[in-house]
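Remarks on the structure that follows.
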Amino acid sequence: MVSTQLNGSAAGQVLTILQRRGKSTVKELEEALGVTANAVRQQTTSLVAEGYVSQEVERNGRGRPRHVFSLTATGRTQFPHHYDEFTNGLLREIVISDGPQKVEELLGRIGRRLAAQYEGELAGMATIDRTARLTELLNAKGILAEMRLHPDGIEFHEYTCPYYELALQHRAICDMEEGMIAQVVQQPVELVACTLDGNHGCEFRIKPDSDEIIAKELYP
C-alpha cells in the first residue's frame, strides 16, 4: 500500500505499477490501468511535478523516441519500509560490542519469529499454496510481491524491499529474509537476484516437490 495521501487514488495506482515494473511508458500504463492515454498523462504530469516520478526519453534507432517513467527516491518513500534509525543504530552497536556473528544470530531469530506469524494461516498447505498465500499476506502489508510457477520450480519476487536501508548496512538482512521465506514455504530457498546489486526487486527460487508441480499443471 502507498501512503495515506495517495492510497486508493489514480496517482497511487500509477506509483504501484512503477514500483512493481521499474519503468513504464504511457502506453504500458494505459493498458495496466485500463484508462485513456490522456488520463495517464494527467497523472504522470502531476507526479513528475511533485517529484514522485521521473521522466526520460529513450531512443532506439530511427524510431520515435519513447517517454519512460520511473519512481524517484521520493516516490519510493511512499511505500512502507520496516526499519528506522534506531534499529540500524542498535545493530551497529551490536557489531561493535559483540561482532557481526552476533548480528547474524539475532537476525536469524527475528526471521524465525516473522515466519511463525504466518504458520496459523498456512498449516496443512503444500509448498505452492504456501507461497501463494505468503504473496497475498505480504501484498496486504504493502510489500509488493508475486510468484511465478515454472516446470522447474517457483520464482518469488519482492519488489518492495521492506528493510532496504538496514540491508545497505547489514547484508545479513538478506539472509534473514531468505530464511524467513524458507521456513514459511518449508522448502530450500535461494536468493538469485537482489535489490542491493542493482536489480529491480529481489528474486528467490523455491524448489517444491516435482510431483506437486505436475499436479498443479494438470489441475490448476
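Residues are named by chain letter and number: chains run A, B, ... in the order of the C-alpha cells, numbers start at 1 in each chain, and ligands are numbered from 1 in the order shown.
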* To do: Run DSSP on the backbone of this structure and report the residues of region 12-205 of chain A it assigns to strand (DSSP E), as a PyMOL selection string.
  => chain A and resi 23-25+53-58+66-71+145-150+153-158+189-193+202-205
N, CA and C atoms of the current selection, written as an mmCIF file, in the first residue's frame:
```cif
data_model
loop_
_atom_site.group_PDB
_atom_site.id
_atom_site.type_symbol
_atom_site.label_atom_id
_atom_site.label_comp_id
_atom_site.auth_asym_id
_atom_site.auth_seq_id
_atom_site.Cartn_x
_atom_site.Cartn_y
_atom_site.Cartn_z
ATOM 1 N N LYS A 23 10.020 0.516 -14.798
ATOM 2 C CA LYS A 23 9.814 1.589 -15.776
ATOM 3 C C LYS A 23 8.588 1.250 -16.620
ATOM 4 N N SER A 24 7.891 2.286 -17.086
ATOM 5 C CA SER A 24 6.732 2.067 -17.959
ATOM 6 C C SER A 24 6.539 3.268 -18.862
ATOM 7 N N THR A 25 6.022 3.016 -20.060
ATOM 8 C CA THR A 25 5.641 4.082 -20.982
ATOM 9 C C THR A 25 4.185 4.449 -20.728
ATOM 10 N N VAL A 53 7.864 10.991 -9.525
ATOM 11 C CA VAL A 53 8.174 10.222 -10.728
ATOM 12 C C VAL A 53 9.143 11.014 -11.604
ATOM 13 N N SER A 54 10.053 10.313 -12.256
ATOM 14 C CA SER A 54 10.957 10.943 -13.210
ATOM 15 C C SER A 54 10.592 10.502 -14.623
ATOM 16 N N GLN A 55 10.938 11.335 -15.595
ATOM 17 C CA GLN A 55 10.640 11.046 -16.996
ATOM 18 C C GLN A 55 11.925 11.146 -17.804
ATOM 19 N N GLU A 56 12.147 10.169 -18.659
ATOM 20 C CA GLU A 56 13.303 10.207 -19.533
ATOM 21 C C GLU A 56 12.898 9.757 -20.937
ATOM 22 N N VAL A 57 13.709 10.133 -21.896
ATOM 23 C CA VAL A 57 13.429 9.796 -23.289
ATOM 24 C C VAL A 57 14.399 8.710 -23.735
ATOM 25 N N GLU A 58 13.842 7.628 -24.260
ATOM 26 C CA GLU A 58 14.660 6.540 -24.789
ATOM 27 C C GLU A 58 14.554 6.533 -26.308
ATOM 28 N N ARG A 66 10.753 7.115 -27.035
ATOM 29 C CA ARG A 66 9.747 6.720 -26.044
ATOM 30 C C ARG A 66 9.956 7.526 -24.777
ATOM 31 N N HIS A 67 8.864 7.991 -24.186
ATOM 32 C CA HIS A 67 8.919 8.657 -22.888
ATOM 33 C C HIS A 67 8.658 7.598 -21.816
ATOM 34 N N VAL A 68 9.652 7.403 -20.967
ATOM 35 C CA VAL A 68 9.596 6.337 -19.968
ATOM 36 C C VAL A 68 9.568 6.960 -18.572
ATOM 37 N N PHE A 69 8.710 6.416 -17.719
ATOM 38 C CA PHE A 69 8.533 6.937 -16.374
ATOM 39 C C PHE A 69 9.018 5.921 -15.341
ATOM 40 N N SER A 70 9.601 6.415 -14.261
ATOM 41 C CA SER A 70 10.043 5.547 -13.170
ATOM 42 C C SER A 70 9.954 6.328 -11.859
ATOM 43 N N LEU A 71 10.007 5.606 -10.749
ATOM 44 C CA LEU A 71 9.912 6.254 -9.442
ATOM 45 C C LEU A 71 11.211 6.971 -9.088
ATOM 46 N N ALA A 145 4.688 -8.145 -3.874
ATOM 47 C CA ALA A 145 5.284 -9.459 -4.119
ATOM 48 C C ALA A 145 4.438 -10.215 -5.122
ATOM 49 N N GLU A 146 5.084 -11.138 -5.830
ATOM 50 C CA GLU A 146 4.349 -12.018 -6.733
ATOM 51 C C GLU A 146 5.133 -13.301 -6.927
ATOM 52 N N MET A 147 4.445 -14.340 -7.347
ATOM 53 C CA MET A 147 5.101 -15.626 -7.615
ATOM 54 C C MET A 147 4.767 -16.069 -9.029
ATOM 55 N N ARG A 148 5.708 -16.780 -9.637
ATOM 56 C CA ARG A 148 5.500 -17.350 -10.962
ATOM 57 C C ARG A 148 5.878 -18.817 -10.892
ATOM 58 N N LEU A 149 5.017 -19.650 -11.426
ATOM 59 C CA LEU A 149 5.239 -21.083 -11.398
ATOM 60 C C LEU A 149 5.860 -21.539 -12.709
ATOM 61 N N HIS A 150 6.964 -22.296 -12.609
ATOM 62 C CA HIS A 150 7.655 -22.837 -13.778
ATOM 63 C C HIS A 150 7.806 -24.346 -13.605
ATOM 64 N N GLY A 153 10.300 -25.107 -10.868
ATOM 65 C CA GLY A 153 10.202 -24.507 -9.548
ATOM 66 C C GLY A 153 9.381 -23.233 -9.522
ATOM 67 N N ILE A 154 9.553 -22.467 -8.449
ATOM 68 C CA ILE A 154 8.798 -21.241 -8.224
ATOM 69 C C ILE A 154 9.758 -20.056 -8.207
ATOM 70 N N GLU A 155 9.390 -18.990 -8.917
ATOM 71 C CA GLU A 155 10.085 -17.716 -8.791
ATOM 72 C C GLU A 155 9.241 -16.825 -7.893
ATOM 73 N N PHE A 156 9.838 -16.348 -6.827
ATOM 74 C CA PHE A 156 9.145 -15.485 -5.869
ATOM 75 C C PHE A 156 9.844 -14.131 -5.855
ATOM 76 N N HIS A 157 9.096 -13.069 -6.171
ATOM 77 C CA HIS A 157 9.668 -11.733 -6.277
ATOM 78 C C HIS A 157 9.133 -10.820 -5.178
ATOM 79 N N GLU A 158 10.018 -10.050 -4.590
ATOM 80 C CA GLU A 158 9.632 -8.944 -3.709
ATOM 81 C C GLU A 158 10.106 -7.659 -4.380
ATOM 82 N N VAL A 189 15.280 -22.313 -0.125
ATOM 83 C CA VAL A 189 15.076 -21.080 -0.890
ATOM 84 C C VAL A 189 16.437 -20.485 -1.219
ATOM 85 N N GLU A 190 16.574 -19.987 -2.445
ATOM 86 C CA GLU A 190 17.836 -19.356 -2.872
ATOM 87 C C GLU A 190 17.558 -17.951 -3.385
ATOM 88 N N LEU A 191 18.284 -16.966 -2.852
ATOM 89 C CA LEU A 191 18.208 -15.594 -3.351
ATOM 90 C C LEU A 191 19.090 -15.501 -4.589
ATOM 91 N N VAL A 192 18.476 -15.264 -5.763
ATOM 92 C CA VAL A 192 19.237 -15.261 -7.015
ATOM 93 C C VAL A 192 19.397 -13.860 -7.605
ATOM 94 N N ALA A 193 18.655 -12.889 -7.127
ATOM 95 C CA ALA A 193 18.808 -11.504 -7.576
ATOM 96 C C ALA A 193 18.389 -10.597 -6.438
ATOM 97 N N CYS A 202 13.940 -8.182 -5.418
ATOM 98 C CA CYS A 202 14.675 -9.382 -5.030
ATOM 99 C C CYS A 202 13.933 -10.607 -5.562
ATOM 100 N N GLU A 203 14.692 -11.542 -6.115
ATOM 101 C CA GLU A 203 14.094 -12.758 -6.663
ATOM 102 C C GLU A 203 14.614 -13.967 -5.899
ATOM 103 N N PHE A 204 13.688 -14.806 -5.453
ATOM 104 C CA PHE A 204 14.016 -16.025 -4.728
ATOM 105 C C PHE A 204 13.548 -17.226 -5.535
ATOM 106 N N ARG A 205 14.347 -18.289 -5.546
ATOM 107 C CA ARG A 205 13.970 -19.529 -6.223
ATOM 108 C C ARG A 205 13.577 -20.563 -5.163
#
```
* Asked: Can you list, as a count of residues only, every residue of region 10-191 of chain A that DSSP puts in helix (DSSP H, G or I)?
  -> 106
* Just the residues within 12 Å of Leu137 (chain A), please, counting only C-alpha atoms, with nothing from its chain fewer than 4 positions along; format it as a PyMOL selection string. => chain A and resi 115+117-119+121-122+130-133+141-146+184
Show which residues sit within 8 Å of Ala11 (chain A), as a JSON list (two decimals) with N, CA and C atoms, in the first residue's frame. Count only C-alpha atoms, and ignore same-chain residues fewer than 2 positions away.
```json
[["chain", "number", "residue", "atom", "x", "y", "z"],
["A", 6, "LEU", "N", -1.87, 9.02, -0.96],
["A", 6, "LEU", "CA", -2.07, 8.55, -2.32],
["A", 6, "LEU", "C", -2.83, 7.23, -2.40],
["A", 9, "SER", "N", -5.93, 6.20, -4.80],
["A", 9, "SER", "CA", -6.11, 7.20, -5.84],
["A", 9, "SER", "C", -5.52, 6.72, -7.16],
["A", 13, "GLN", "N", -2.16, 4.35, -7.88],
["A", 13, "GLN", "CA", -2.11, 3.19, -8.77],
["A", 13, "GLN", "C", -0.92, 3.29, -9.73],
["A", 14, "VAL", "N", -0.66, 4.50, -10.22],
["A", 14, "VAL", "CA", 0.49, 4.69, -11.11],
["A", 14, "VAL", "C", 1.78, 4.37, -10.36],
["A", 15, "LEU", "N", 1.91, 4.87, -9.13],
["A", 15, "LEU", "CA", 3.12, 4.61, -8.34],
["A", 15, "LEU", "C", 3.29, 3.12, -8.08],
["A", 43, "GLN", "N", -1.98, 12.14, -14.84],
["A", 43, "GLN", "CA", -1.40, 11.66, -13.59],
["A", 43, "GLN", "C", 0.12, 11.77, -13.60],
["A", 44, "THR", "N", 0.76, 11.35, -14.70],
["A", 44, "THR", "CA", 2.22, 11.38, -14.74],
["A", 44, "THR", "C", 2.76, 12.82, -14.70],
["A", 47, "LEU", "N", 2.58, 13.82, -11.09],
["A", 47, "LEU", "CA", 3.55, 13.10, -10.26],
["A", 47, "LEU", "C", 4.98, 13.55, -10.54]]
```
* Asked: Near Ala37 (chain A), within 7 Å and counting only C-alpha atoms, which residues show up once chain neighbours fewer than 4 positions away are dropped, as a PyMOL selection string?
  -> chain A and resi 26-27+30+41
C-alpha atoms of the current selection, written as an mmCIF file, in the first residue's frame:
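Heads up, here's the output in result_32.cif:
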```
data_model
loop_
_atom_site.group_PDB
_atom_site.id
_atom_site.type_symbol
_atom_site.label_atom_id
_atom_site.label_comp_id
_atom_site.auth_asym_id
_atom_site.auth_seq_id
_atom_site.Cartn_x
_atom_site.Cartn_y
_atom_site.Cartn_z
ATOM 1 C CA VAL A 26 2.338 5.909 -21.282
ATOM 2 C CA LYS A 27 1.020 3.035 -23.399
ATOM 3 C CA GLU A 30 -2.688 2.929 -20.129
ATOM 4 C CA ARG A 41 -0.593 11.817 -18.944
#
```
* **Spatial neighbours of Met180 (chain A), max dist 10 Å, only C-alpha atoms, sep filter under 6 positions, as JSON, numbers by chain** => {"A": [108, 109, 110, 111, 112, 113, 114, 115, 116, 174, 186, 189]}
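The interatomic distance for the pair CA of Ile206 (chain A) and CA of Asn139 (chain A) works out to 18.7 Å.
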* Asked: Of the candidates A:Arg76, A:Arg64, A:His200, A:Lys102, which shows the shortest atom-to-atom distance to Gly12 (chain A), using only C-alpha atoms?
  -> A:Arg76
